$ cat query_38.pdb   # PDB, C-alpha atoms and all ligand atoms
ATOM      1  CA  MET A 121      -1.909 -41.032 -14.945
ATOM      2  CA  PRO A 122       1.459 -42.669 -14.102
ATOM      3  CA  GLU A 123       2.283 -42.696 -10.384
ATOM      4  CA  THR A 124       5.615 -40.907 -10.824
ATOM      5  CA  PHE A 125       3.884 -37.961 -12.474
ATOM      6  CA  GLU A 126       1.495 -37.565  -9.539
ATOM      7  CA  ILE A 127       4.388 -37.697  -7.091
ATOM      8  CA  ARG A 128       6.330 -35.085  -9.030
ATOM      9  CA  ILE A 129       3.370 -32.684  -9.019
ATOM     10  CA  LYS A 130       2.805 -33.212  -5.300
ATOM     11  CA  ASP A 131       6.463 -32.549  -4.546
ATOM     12  CA  ARG A 132       6.521 -29.351  -6.565
ATOM     13  CA  SER A 133       3.428 -28.025  -4.829
ATOM     14  CA  MET A 134       4.906 -28.822  -1.423
ATOM     15  CA  ILE A 135       8.123 -26.972  -2.158
ATOM     16  CA  VAL A 136       6.855 -23.836  -3.836
ATOM     17  CA  HIS A 137       3.215 -23.227  -3.111
ATOM     18  CA  ASP A 138       1.173 -21.960  -0.238
ATOM     19  CA  ALA A 139      -2.309 -22.321  -1.709
ATOM     20  CA  ASN A 140      -3.890 -20.027   0.888
ATOM     21  CA  LEU A 141      -1.505 -17.249  -0.077
ATOM     22  CA  GLU A 142      -1.575 -17.840  -3.814
ATOM     23  CA  GLN A 143      -5.365 -17.920  -4.084
ATOM     24  CA  ARG A 144      -5.600 -14.623  -2.237
ATOM     25  CA  PHE A 145      -2.747 -13.155  -4.301
ATOM     26  CA  ALA A 146      -4.539 -14.036  -7.544
ATOM     27  CA  LEU A 147      -7.772 -12.513  -6.242
ATOM     28  CA  ALA A 148      -6.007  -9.358  -5.003
ATOM     29  CA  LYS A 149      -4.458  -8.775  -8.454
ATOM     30  CA  SER A 150      -7.695  -9.370 -10.312
ATOM     31  CA  LEU A 151      -9.719  -7.195  -7.916
ATOM     32  CA  ALA A 152      -7.140  -4.387  -8.040
ATOM     33  CA  GLU A 153      -7.448  -4.303 -11.838
ATOM     34  CA  LYS A 154     -11.248  -4.236 -11.721
ATOM     35  CA  ALA A 155     -11.413  -1.720  -8.869
ATOM     36  CA  GLY A 156      -8.977   0.513 -10.760
ATOM     37  CA  THR A 157     -11.211   0.423 -13.828
ATOM     38  CA  LEU A 158     -14.219   1.372 -11.704
ATOM     39  CA  ALA A 159     -12.273   4.229 -10.090
ATOM     40  CA  LEU A 160     -11.024   5.406 -13.494
ATOM     41  CA  ASP A 161     -14.628   5.673 -14.746
ATOM     42  CA  TYR A 162     -15.340   8.037 -11.871
ATOM     43  CA  PHE A 163     -12.067   9.923 -12.470
ATOM     44  CA  ASN A 164     -13.044  10.524 -16.092
ATOM     45  CA  LYS A 165     -16.367  12.046 -15.002
ATOM     46  CA  ARG A 166     -15.049  13.742 -11.849
ATOM     47  CA  ASP A 167     -16.747  17.040 -12.726
ATOM     48  CA  THR A 168     -20.043  15.362 -11.814
ATOM     49  CA  LEU A 169     -18.865  14.113  -8.390
ATOM     50  CA  VAL A 170     -20.009  15.757  -5.167
ATOM     51  CA  ILE A 171     -16.866  16.265  -3.092
ATOM     52  CA  GLU A 172     -17.380  15.889   0.655
ATOM     53  CA  THR A 173     -14.913  16.553   3.474
ATOM     54  CA  LYS A 174     -14.119  14.406   6.514
ATOM     55  CA  ARG A 175     -11.716  15.632   9.266
ATOM     56  CA  ASP A 176     -10.853  18.923   7.581
ATOM     57  CA  LEU A 177     -11.046  20.703   4.244
ATOM     58  CA  GLN A 178      -7.986  18.806   2.938
ATOM     59  CA  ASP A 179      -9.499  15.391   3.779
ATOM     60  CA  VAL A 180     -11.813  14.799   0.825
ATOM     61  CA  VAL A 181     -13.979  11.885  -0.279
ATOM     62  CA  SER A 182     -16.642  11.108  -2.878
ATOM     63  CA  ILE A 183     -18.902   8.299  -3.971
ATOM     64  CA  ALA A 184     -15.965   6.948  -5.982
ATOM     65  CA  ASP A 185     -14.081   5.978  -2.790
ATOM     66  CA  ARG A 186     -17.171   4.359  -1.265
ATOM     67  CA  ASP A 187     -18.224   2.428  -4.369
ATOM     68  CA  VAL A 188     -14.739   1.051  -4.971
ATOM     69  CA  GLU A 189     -14.473  -0.112  -1.368
ATOM     70  CA  THR A 190     -17.940  -1.702  -1.469
ATOM     71  CA  PHE A 191     -16.986  -3.540  -4.652
ATOM     72  CA  LEU A 192     -13.842  -4.910  -2.974
ATOM     73  CA  ARG A 193     -15.613  -5.834   0.287
ATOM     74  CA  GLU A 194     -18.337  -7.774  -1.517
ATOM     75  CA  ARG A 195     -15.910  -9.693  -3.742
ATOM     76  CA  VAL A 196     -13.586 -10.611  -0.861
ATOM     77  CA  ALA A 197     -16.518 -11.660   1.360
ATOM     78  CA  ALA A 198     -17.852 -13.889  -1.432
ATOM     79  CA  ALA A 199     -14.481 -15.581  -2.027
ATOM     80  CA  PHE A 200     -13.124 -15.730   1.537
ATOM     81  CA  PRO A 201     -16.022 -15.269   3.988
ATOM     82  CA  ASP A 202     -13.830 -15.992   7.028
ATOM     83  CA  ASP A 203     -11.233 -13.326   6.220
ATOM     84  CA  GLY A 204     -11.214  -9.995   8.037
ATOM     85  CA  PHE A 205     -11.530  -6.737   6.124
ATOM     86  CA  LEU A 206     -10.402  -3.214   6.976
ATOM     87  CA  GLY A 207     -11.135  -0.379   4.563
ATOM     88  CA  GLU A 208     -10.738   3.356   4.926
ATOM     89  CA  GLU A 209     -14.367   4.199   4.228
ATOM     90  CA  PHE A 210     -16.363   1.484   6.035
ATOM     91  CA  GLY A 211     -14.091   0.286   8.822
ATOM     92  CA  HIS A 212     -13.072  -3.062  10.227
ATOM     93  CA  GLU A 213     -14.798  -6.438  10.105
ATOM     94  CA  VAL A 214     -12.913  -8.988  12.146
ATOM     95  CA  GLY A 215     -12.417 -12.415  10.545
ATOM     96  CA  SER A 216     -11.512 -15.858  11.857
ATOM     97  CA  SER A 217      -9.117 -17.229   9.198
ATOM     98  CA  GLY A 218      -6.013 -15.305  10.338
ATOM     99  CA  TYR A 219      -6.080 -13.289   7.077
ATOM    100  CA  THR A 220      -7.193  -9.650   6.989
ATOM    101  CA  TRP A 221      -7.607  -7.578   3.839
ATOM    102  CA  VAL A 222      -6.509  -3.969   4.330
ATOM    103  CA  VAL A 223      -7.743  -1.710   1.568
ATOM    104  CA  ASP A 224      -7.554   1.908   0.557
ATOM    105  CA  PRO A 225     -10.047   2.114  -2.334
ATOM    106  CA  ILE A 226      -8.450   5.322  -3.604
ATOM    107  CA  ASP A 227      -5.170   6.500  -2.117
ATOM    108  CA  GLY A 228      -4.462   9.986  -3.347
ATOM    109  CA  THR A 229      -8.048  11.218  -3.202
ATOM    110  CA  ALA A 230      -6.862  14.840  -3.293
ATOM    111  CA  PRO A 231      -5.010  14.354  -6.614
ATOM    112  CA  PHE A 232      -7.994  12.296  -7.844
ATOM    113  CA  VAL A 233     -10.606  15.011  -7.254
ATOM    114  CA  ASN A 234      -8.256  17.710  -8.547
ATOM    115  CA  GLY A 235      -7.613  15.916 -11.832
ATOM    116  CA  MET A 236      -4.073  14.637 -11.268
ATOM    117  CA  PRO A 237      -3.026  11.079 -12.158
ATOM    118  CA  THR A 238      -1.141  10.172  -8.944
ATOM    119  CA  TRP A 239      -3.743   8.009  -7.231
ATOM    120  CA  CYS A 240      -4.085   4.267  -6.877
ATOM    121  CA  VAL A 241      -6.073   1.363  -5.484
ATOM    122  CA  SER A 242      -4.132  -0.249  -2.640
ATOM    123  CA  ILE A 243      -4.857  -3.794  -1.445
ATOM    124  CA  ALA A 244      -2.906  -5.608   1.254
ATOM    125  CA  VAL A 245      -3.547  -8.926   2.934
ATOM    126  CA  LEU A 246      -2.154  -9.443   6.423
ATOM    127  CA  HIS A 247      -1.510 -12.803   8.011
ATOM    128  CA  ASP A 248      -1.127 -12.636  11.768
ATOM    129  CA  GLY A 249      -0.552  -8.908  11.403
ATOM    130  CA  VAL A 250       2.220  -9.135   8.781
ATOM    131  CA  PRO A 251       1.585  -7.842   5.251
ATOM    132  CA  VAL A 252       1.959 -10.977   3.084
ATOM    133  CA  ILE A 253       0.324  -9.572  -0.063
ATOM    134  CA  GLY A 254       0.602  -6.086  -1.513
ATOM    135  CA  VAL A 255      -1.050  -5.019  -4.758
ATOM    136  CA  ILE A 256      -1.231  -1.436  -6.020
ATOM    137  CA  HIS A 257      -2.975  -0.508  -9.266
ATOM    138  CA  VAL A 258      -2.313   2.881 -10.851
ATOM    139  CA  PRO A 259      -4.937   3.187 -13.596
ATOM    140  CA  CYS A 260      -3.671   6.462 -15.120
ATOM    141  CA  ALA A 261      -0.221   4.911 -15.651
ATOM    142  CA  ASN A 262      -1.400   1.391 -16.515
ATOM    143  CA  GLU A 263       0.790   0.050 -13.724
ATOM    144  CA  LEU A 264       0.142  -2.966 -11.527
ATOM    145  CA  TYR A 265       2.555  -3.478  -8.635
ATOM    146  CA  ALA A 266       2.222  -6.901  -7.005
ATOM    147  CA  ALA A 267       4.069  -8.713  -4.237
ATOM    148  CA  ALA A 268       3.515 -11.724  -2.018
ATOM    149  CA  LEU A 269       5.666 -13.055   0.785
ATOM    150  CA  GLY A 270       8.473 -15.174  -0.647
ATOM    151  CA  LEU A 271       7.297 -14.655  -4.239
ATOM    152  CA  GLY A 272       9.032 -11.314  -4.902
ATOM    153  CA  ALA A 273       7.661  -8.009  -6.121
ATOM    154  CA  SER A 274       6.829  -7.072  -9.685
ATOM    155  CA  LEU A 275       5.695  -4.134 -11.778
ATOM    156  CA  ASN A 276       3.558  -5.179 -14.745
ATOM    157  CA  GLY A 277       5.101  -8.645 -14.466
ATOM    158  CA  GLU A 278       8.765  -7.488 -14.348
ATOM    159  CA  MET A 279      10.495  -8.479 -11.112
ATOM    160  CA  LEU A 280      11.750  -5.626  -8.911
ATOM    161  CA  SER A 281      15.065  -5.653  -7.066
ATOM    162  CA  LEU A 282      16.373  -2.650  -5.164
ATOM    163  CA  ASP A 283      19.766  -1.130  -5.908
ATOM    164  CA  PRO A 284      21.863  -0.578  -2.741
ATOM    165  CA  SER A 285      23.978   2.083  -4.462
ATOM    166  CA  ARG A 286      21.042   4.490  -4.259
ATOM    167  CA  THR A 287      21.221   6.795  -1.230
ATOM    168  CA  ILE A 288      19.469   9.813   0.239
ATOM    169  CA  GLN A 289      22.197  11.888  -1.426
ATOM    170  CA  ASN A 290      21.985  10.559  -4.978
ATOM    171  CA  ALA A 291      18.263   9.818  -5.215
ATOM    172  CA  MET A 292      14.881  11.302  -4.243
ATOM    173  CA  THR A 293      13.050  10.636  -0.989
ATOM    174  CA  GLY A 294       9.273  10.744  -0.686
ATOM    175  CA  ILE A 295       7.920  12.673   2.304
ATOM    176  CA  GLY A 296       4.266  12.710   3.266
ATOM    177  CA  CYS A 297       2.218  14.713   5.732
ATOM    178  CA  ASN A 298      -1.321  15.325   6.854
ATOM    179  CA  THR A 299      -3.022  17.452   9.476
ATOM    180  CA  HIS A 300      -2.328  14.906  12.229
ATOM    181  CA  VAL A 301       1.246  16.217  12.296
ATOM    182  CA  ALA A 302       2.300  19.737  13.306
ATOM    183  CA  PRO A 303       3.582  21.850  10.393
ATOM    184  CA  GLU A 304       6.782  22.573  12.348
ATOM    185  CA  ARG A 305       7.544  18.851  12.598
ATOM    186  CA  VAL A 306       6.978  18.345   8.887
ATOM    187  CA  GLY A 307       9.210  21.331   8.145
ATOM    188  CA  SER A 308      11.920  19.962  10.383
ATOM    189  CA  ILE A 309      11.808  16.542   8.657
ATOM    190  CA  ILE A 310      12.105  18.123   5.214
ATOM    191  CA  SER A 311      14.875  20.333   6.502
ATOM    192  CA  ALA A 312      16.792  17.282   7.773
ATOM    193  CA  VAL A 313      16.534  15.523   4.396
ATOM    194  CA  LEU A 314      17.839  18.654   2.651
ATOM    195  CA  LYS A 315      20.633  19.175   5.215
ATOM    196  CA  ASN A 316      21.758  15.576   4.622
ATOM    197  CA  GLY A 317      22.233  16.376   0.953
ATOM    198  CA  GLY A 318      18.993  14.790  -0.207
ATOM    199  CA  THR A 319      15.825  16.096  -1.790
ATOM    200  CA  PHE A 320      12.161  15.319  -1.316
ATOM    201  CA  ILE A 321       9.005  14.839  -3.336
ATOM    202  CA  ARG A 322       5.317  14.466  -2.469
ATOM    203  CA  ASN A 323       2.723  13.464  -5.051
ATOM    204  CA  GLY A 324      -0.365  13.177  -2.812
ATOM    205  CA  SER A 325      -0.462   9.376  -2.612
ATOM    206  CA  GLY A 326       1.630   7.737   0.089
ATOM    207  CA  ALA A 327       0.721   4.248  -1.128
ATOM    208  CA  LEU A 328       1.923   5.116  -4.623
ATOM    209  CA  MET A 329       5.165   6.610  -3.306
ATOM    210  CA  LEU A 330       5.798   3.377  -1.387
ATOM    211  CA  ALA A 331       5.287   1.484  -4.654
ATOM    212  CA  TYR A 332       7.817   3.877  -6.211
ATOM    213  CA  VAL A 333      10.285   2.877  -3.478
ATOM    214  CA  ALA A 334       9.782  -0.788  -4.454
ATOM    215  CA  ALA A 335      10.392   0.182  -8.087
ATOM    216  CA  GLY A 336      13.587   2.101  -7.209
ATOM    217  CA  ARG A 337      12.125   5.424  -8.377
ATOM    218  CA  LEU A 338      12.391   6.799  -4.842
ATOM    219  CA  VAL A 339      15.087   5.644  -2.438
ATOM    220  CA  GLY A 340      12.739   5.844   0.530
ATOM    221  CA  TYR A 341       9.460   7.138   1.896
ATOM    222  CA  TYR A 342       8.716   8.654   5.279
ATOM    223  CA  GLU A 343       5.517   9.992   6.774
ATOM    224  CA  PRO A 344       5.121  10.459  10.543
ATOM    225  CA  HIS A 345       1.451   9.432  10.756
ATOM    226  CA  MET A 346      -0.397   7.108   8.397
ATOM    227  CA  ARG A 347      -3.051   4.451   8.668
ATOM    228  CA  ALA A 348      -2.734   0.745   7.876
ATOM    229  CA  TRP A 349      -4.640   1.081   4.598
ATOM    230  CA  ASP A 350      -2.136   3.700   3.393
ATOM    231  CA  CYS A 351       0.995   1.607   3.889
ATOM    232  CA  MET A 352       0.535  -2.166   4.218
ATOM    233  CA  ALA A 353       0.479  -2.971   0.485
ATOM    234  CA  GLY A 354       3.487  -0.725  -0.129
ATOM    235  CA  TYR A 355       5.335  -2.325   2.770
ATOM    236  CA  CYS A 356       4.940  -5.808   1.271
ATOM    237  CA  LEU A 357       6.158  -4.490  -2.098
ATOM    238  CA  VAL A 358       9.255  -2.835  -0.602
ATOM    239  CA  LYS A 359      10.146  -5.881   1.499
ATOM    240  CA  GLU A 360       9.818  -8.274  -1.437
ATOM    241  CA  ALA A 361      11.898  -5.953  -3.648
ATOM    242  CA  GLY A 362      14.706  -6.273  -1.073
ATOM    243  CA  GLY A 363      14.074  -3.225   1.128
ATOM    244  CA  GLN A 364      13.207  -2.590   4.760
ATOM    245  CA  TYR A 365      10.334  -1.020   6.647
ATOM    246  CA  LEU A 366       9.441   0.236  10.093
ATOM    247  CA  SER A 367       6.952  -2.173  11.655
ATOM    248  CA  PHE A 368       3.349  -1.082  11.761
ATOM    249  CA  SER A 369       1.749  -2.727  14.790
ATOM    250  CA  ALA A 370      -1.389  -4.648  13.855
ATOM    251  CA  ALA A 371      -1.962  -5.981  17.384
ATOM    252  CA  GLY A 372      -5.603  -5.522  18.419
ATOM    253  CA  GLU A 373      -6.751  -1.921  18.211
ATOM    254  CA  ASP A 374      -3.292  -0.814  17.008
ATOM    255  CA  LEU A 375      -4.311  -1.817  13.488
ATOM    256  CA  LEU A 376      -6.777   1.090  13.486
ATOM    257  CA  LYS A 377      -4.344   3.696  14.840
ATOM    258  CA  GLY A 378      -2.079   6.134  13.020
ATOM    259  CA  GLN A 379       1.598   5.183  13.160
ATOM    260  CA  PRO A 380       4.841   6.337  11.527
ATOM    261  CA  VAL A 381       5.599   4.867   8.117
ATOM    262  CA  LEU A 382       9.143   4.491   6.818
ATOM    263  CA  ALA A 383      10.441   2.254   4.048
ATOM    264  CA  SER A 384      13.545   2.316   1.885
ATOM    265  CA  ASN A 385      16.292   0.291   0.326
ATOM    266  CA  VAL A 386      18.809  -1.153   2.785
ATOM    267  CA  SER A 387      21.322   1.692   2.309
ATOM    268  CA  ALA A 388      19.054   4.610   3.213
ATOM    269  CA  TYR A 389      17.171   2.974   6.064
ATOM    270  CA  ALA A 390      19.413   3.959   9.002
ATOM    271  CA  GLU A 391      19.628   7.567   7.856
ATOM    272  CA  LEU A 392      15.846   7.895   7.500
ATOM    273  CA  LEU A 393      15.304   6.185  10.843
ATOM    274  CA  ALA A 394      17.687   8.693  12.458
ATOM    275  CA  ILE A 395      15.662  11.554  10.914
ATOM    276  CA  HIS A 396      12.482   9.953  12.275
ATOM    277  CA  ASN A 397      13.984   9.536  15.766
ATOM    278  CA  ALA A 398      15.348  13.087  15.841
ATOM    279  CA  ASN A 399      11.986  14.540  14.845
ATOM    280  CA  GLY A 400       9.484  13.191  17.337
ATOM    281  CA  GLY A 401       9.658   9.478  16.469
ATOM    282  CA  ASN A 402      10.796   6.677  18.747
ATOM    283  CA  GLY A 403      10.494   3.529  16.608
ATOM    284  CA  SER A 404      12.977   0.798  15.826
ATOM    285  CA  GLY A 405      13.581  -1.122  12.612
ATOM    286  CA  SER A 406      12.097  -4.325  11.221
TER     287      SER A 406
HETATM  288  C1  LIG B   1      -3.541  10.172   2.044
HETATM  289  C2  LIG B   1      -2.421  10.096   1.038
HETATM  290  C3  LIG B   1      -1.398  11.180   1.344
HETATM  291  C4  LIG B   1      -0.825  10.994   2.728
HETATM  292  C5  LIG B   1      -1.942  11.021   3.757
HETATM  293  C6  LIG B   1      -2.994   9.982   3.425
HETATM  294  P1  LIG B   1      -5.935   9.486   1.031
HETATM  295  O1  LIG B   1      -4.519   9.181   1.801
HETATM  296  O2  LIG B   1      -1.780   8.873   1.063
HETATM  297  O3  LIG B   1      -0.338  11.111   0.440
HETATM  298  O4  LIG B   1       0.105  12.018   2.976
HETATM  299  O5  LIG B   1      -1.410  10.781   5.031
HETATM  300  O6  LIG B   1      -4.041  10.083   4.352
HETATM  301  O7  LIG B   1      -6.697  10.409   1.907
HETATM  302  O8  LIG B   1      -5.604  10.087  -0.284
HETATM  303  O9  LIG B   1      -6.543   8.131   0.962
HETATM  304 CA    CA B   2      -4.876   6.802   1.980
HETATM  305 CA    CA B   3      -8.295   6.845   0.571
END

$ encode --input "query_38.pdb" --output "structure tokens"
Amino acid sequence: MPETFEIRIKDRSMIVHDANLEQRFALAKSLAEKAGTLALDYFNKRDTLVIETKRDLQDVVSIADRDVETFLRERVAAAFPDDGFLGEEFGHEVGSSGYTWVVDPIDGTAPFVNGMPTWCVSIAVLHDGVPVIGVIHVPCANELYAAALGLGASLNGEMLSLDPSRTIQNAMTGIGCNTHVAPERVGSIISAVLKNGGTFIRNGSGALMLAYVAAGRLVGYYEPHMRAWDCMAGYCLVKEAGGQYLSFSAAGEDLLKGQPVLASNVSAYAELLAIHNANGGNGSGS
């Protein structure tokens, strides 16, 4: 091989590629596809599933969630044994590489067990606590959302770029809630969005609604209390599509705690942050 050719290849790889990131990005996309297929098999035979509850009657789970997470844990451990892994169903294994996979095997379990299509597999990879990879697979819609730090965000291979002309007033805002948050606080947040001339939607999957923000379908998403596995993949997608998000602290035990989740295009961010701050929140932007 001529020397100049080798030099050119080396230069290109130095400029564009971070092999550590790209190898994990490729694996995250391939695993999200496969995990989505596994989850879809269960969805199609959901009448046979035994539905269990966790914290309360609204917090449901089945073997589908556990099997999908086990599949992802085993594949990640085989490919990157030194990486950490946090999943909703089986908890946190600390790694030593600086990379941590943060996975919700099925986000939108309530829609899933009730036969609605708004659920997804959500896979994030954090590096030093920052989401550097976000992949969300929505099997019922044949949609794969994928983003990696510095590489942009895409939906089924089409690059995503947020439109700053979209506002709370001329677009829809996703709002989420769970039983960690008082009904009065949720009501007051929805009220504030409506008073500001906006409207809200909730489809039962916060991760999917964050992907919708990255795709420009929703202008923003806000939920006062979510876990890392619900939001980290969506956060990477929104950031790489040109939006903003409220930091989710991944320092030590914080990674395991519930925190407010807010992401939007650049135009709606301040308004949503003000709603958050006026309704029991105290965060700042990132
Ligand atoms: C839930 C969904 C829901 C959100 C909850 C989450 P799960 O996750 O994302 O939309 O409002 O806070 O816990 O239980 O379906 O994985
Ligand atoms: Ca979830
Ligand atoms: Ca889940």

$ residues_near_ligand --input "query_38.pdb" --ligand "ligand CA 2 (chain B)" --cutoff "10 Å" --atoms "all atoms listed in the file" --output "MDAnalysis selection string"
chainID A and resid 179 207:208 223:230 239:242 324:328 346:351

$ closest_residue --input "query_38.pdb" --among "A:Leu177, A:Leu357, A:Val196, A:Leu366" --to "ligand LIG 1 (chain B)" --atoms "only C-alpha atoms and all ligand atoms"
A:Leu177

$ closest_residue --input "query_38.pdb" --among "A:Thr190, A:Ser182, A:Ser367, A:Gln379" --to "Leu151 (chain A)" --atoms "all atoms listed in the file"
A:Thr190

$ closest_residue --input "query_38.pdb" --among "A:Leu206, A:Val258, A:Leu282, A:Met329" --to "ligand LIG 1 (chain B)" --atoms "only C-alpha atoms and all ligand atoms"
A:Met329

$ residues_near_point --input "query_38.pdb" --point "(-4.1, -11.6, 0.7)" --cutoff "12 Å" --atoms "all atoms listed in the file" --output "JSON, numbers by chain"
{"A": [138, 139, 140, 141, 142, 143, 144, 145, 146, 147, 148, 149, 150, 151, 152, 196, 199, 200, 203, 204, 205, 217, 218, 219, 220, 221, 222, 223, 242, 243, 244, 245, 246, 247, 248, 249, 250, 251, 252, 253, 254, 255, 266, 267, 268, 269, 352, 353, 356]}

$ axis_aligned_box --input "query_38.pdb" --around "ligand LIG 1 (chain B)" --padding-each-side "3 Å" --output "lines of an AutoDock Vina configuration file"
center_x = -3.3
center_y = 10.1
center_z = 2.4
size_x = 12.8
size_y = 9.9
size_z = 11.3

$ residues_near_point --input "query_38.pdb" --point "(16.3, 13.6, 0.3)" --cutoff "7 Å" --atoms "only C-alpha atoms" --output "MDAnalysis selection string"
chainID A and resid 288:289 291:293 313:314 317:320

$ write_last_selection --input "query_38.pdb" --atoms "C-alpha atoms" --output "CSV table (one decimal), in the coordinates of the input"
chain,number,residue,atom,x,y,z
A,288,ILE,CA,19.5,9.8,0.2
A,289,GLN,CA,22.2,11.9,-1.4
A,291,ALA,CA,18.3,9.8,-5.2
A,292,MET,CA,14.9,11.3,-4.2
A,293,THR,CA,13.0,10.6,-1.0
A,313,VAL,CA,16.5,15.5,4.4
A,314,LEU,CA,17.8,18.7,2.7
A,317,GLY,CA,22.2,16.4,1.0
A,318,GLY,CA,19.0,14.8,-0.2
A,319,THR,CA,15.8,16.1,-1.8
A,320,PHE,CA,12.2,15.3,-1.3

$ resolve_selection --input "query_38.pdb" --expression "the PyMOL selection byres (((chain A and resi 184) around 10) and not hetatm)" --output "list of chain:residue names"
A:Leu158, A:Ala159, A:Leu160, A:Asp161, A:Tyr162, A:Phe163, A:Arg166, A:Leu169, A:Val170, A:Ile171, A:Val181, A:Ser182, A:Ile183, A:Asp185, A:Arg186, A:Asp187, A:Val188, A:Glu189, A:Thr190, A:Pro225, A:Ile226, A:Thr229, A:Phe232, A:Val233

$ resolve_selection --input "query_38.pdb" --expression "the PyMOL selection byres (((chain A and resi 378) around 12) and not hetatm)" --output "ChimeraX atom specification"
/A:298-301,343-351,368-370,373-377,379-381

$ write_last_selection --input "query_38.pdb" --atoms "C-alpha atoms" --output "PDB file, in the frame of the given file"
ATOM      1  CA  ASN A 298      -1.321  15.325   6.854  1.00  0.00           C
ATOM      2  CA  THR A 299      -3.022  17.452   9.476  1.00  0.00           C
ATOM      3  CA  HIS A 300      -2.328  14.906  12.229  1.00  0.00           C
ATOM      4  CA  VAL A 301       1.246  16.217  12.296  1.00  0.00           C
ATOM      5  CA  GLU A 343       5.517   9.992   6.774  1.00  0.00           C
ATOM      6  CA  PRO A 344       5.121  10.459  10.543  1.00  0.00           C
ATOM      7  CA  HIS A 345       1.451   9.432  10.756  1.00  0.00           C
ATOM      8  CA  MET A 346      -0.397   7.108   8.397  1.00  0.00           C
ATOM      9  CA  ARG A 347      -3.051   4.451   8.668  1.00  0.00           C
ATOM     10  CA  ALA A 348      -2.734   0.745   7.876  1.00  0.00           C
ATOM     11  CA  TRP A 349      -4.640   1.081   4.598  1.00  0.00           C
ATOM     12  CA  ASP A 350      -2.136   3.700   3.393  1.00  0.00           C
ATOM     13  CA  CYS A 351       0.995   1.607   3.889  1.00  0.00           C
ATOM     14  CA  PHE A 368       3.349  -1.082  11.761  1.00  0.00           C
ATOM     15  CA  SER A 369       1.749  -2.727  14.790  1.00  0.00           C
ATOM     16  CA  ALA A 370      -1.389  -4.648  13.855  1.00  0.00           C
ATOM     17  CA  GLU A 373      -6.751  -1.921  18.211  1.00  0.00           C
ATOM     18  CA  ASP A 374      -3.292  -0.814  17.008  1.00  0.00           C
ATOM     19  CA  LEU A 375      -4.311  -1.817  13.488  1.00  0.00           C
ATOM     20  CA  LEU A 376      -6.777   1.090  13.486  1.00  0.00           C
ATOM     21  CA  LYS A 377      -4.344   3.696  14.840  1.00  0.00           C
ATOM     22  CA  GLN A 379       1.598   5.183  13.160  1.00  0.00           C
ATOM     23  CA  PRO A 380       4.841   6.337  11.527  1.00  0.00           C
ATOM     24  CA  VAL A 381       5.599   4.867   8.117  1.00  0.00           C
TER      25      VAL A 381
END

$ decode --input "query_38.pdb" --residues "region 231-262 of chain A" --atoms "C-alpha atoms" --output "PDB file, in the first residue's frame"
ATOM      1  CA  PRO A 231     -49.131   1.275  27.039  1.00  0.00           C
ATOM      2  CA  PHE A 232     -47.312  -1.999  26.245  1.00  0.00           C
ATOM      3  CA  VAL A 233     -49.431  -4.184  28.543  1.00  0.00           C
ATOM      4  CA  ASN A 234     -52.612  -2.354  27.537  1.00  0.00           C
ATOM      5  CA  GLY A 235     -52.050  -2.917  23.823  1.00  0.00           C
ATOM      6  CA  MET A 236     -50.996   0.569  22.722  1.00  0.00           C
ATOM      7  CA  PRO A 237     -48.035   1.162  20.392  1.00  0.00           C
ATOM      8  CA  THR A 238     -46.315   4.011  22.298  1.00  0.00           C
ATOM      9  CA  TRP A 239     -43.479   2.101  23.938  1.00  0.00           C
ATOM     10  CA  CYS A 240     -39.809   1.811  23.102  1.00  0.00           C
ATOM     11  CA  VAL A 241     -36.437   0.350  24.007  1.00  0.00           C
ATOM     12  CA  SER A 242     -34.180   3.108  25.331  1.00  0.00           C
ATOM     13  CA  ILE A 243     -30.388   2.750  25.429  1.00  0.00           C
ATOM     14  CA  ALA A 244     -27.987   5.462  26.554  1.00  0.00           C
ATOM     15  CA  VAL A 245     -24.259   5.355  27.128  1.00  0.00           C
ATOM     16  CA  LEU A 246     -22.771   7.845  29.571  1.00  0.00           C
ATOM     17  CA  HIS A 247     -19.154   8.912  29.626  1.00  0.00           C
ATOM     18  CA  ASP A 248     -18.128  10.562  32.869  1.00  0.00           C
ATOM     19  CA  GLY A 249     -21.809  11.068  33.613  1.00  0.00           C
ATOM     20  CA  VAL A 250     -22.706  12.768  30.311  1.00  0.00           C
ATOM     21  CA  PRO A 251     -25.010  10.994  27.843  1.00  0.00           C
ATOM     22  CA  VAL A 252     -22.798  10.529  24.752  1.00  0.00           C
ATOM     23  CA  ILE A 253     -24.988   7.951  22.991  1.00  0.00           C
ATOM     24  CA  GLY A 254     -28.766   7.799  22.795  1.00  0.00           C
ATOM     25  CA  VAL A 255     -30.668   5.163  20.838  1.00  0.00           C
ATOM     26  CA  ILE A 256     -34.432   4.647  20.993  1.00  0.00           C
ATOM     27  CA  HIS A 257     -36.196   1.921  19.020  1.00  0.00           C
ATOM     28  CA  VAL A 258     -39.962   2.082  18.545  1.00  0.00           C
ATOM     29  CA  PRO A 259     -40.894  -1.315  17.094  1.00  0.00           C
ATOM     30  CA  CYS A 260     -44.590  -0.568  16.437  1.00  0.00           C
ATOM     31  CA  ALA A 261     -43.628   2.453  14.308  1.00  0.00           C
ATOM     32  CA  ASN A 262     -40.484   0.964  12.748  1.00  0.00           C
TER      33      ASN A 262
END
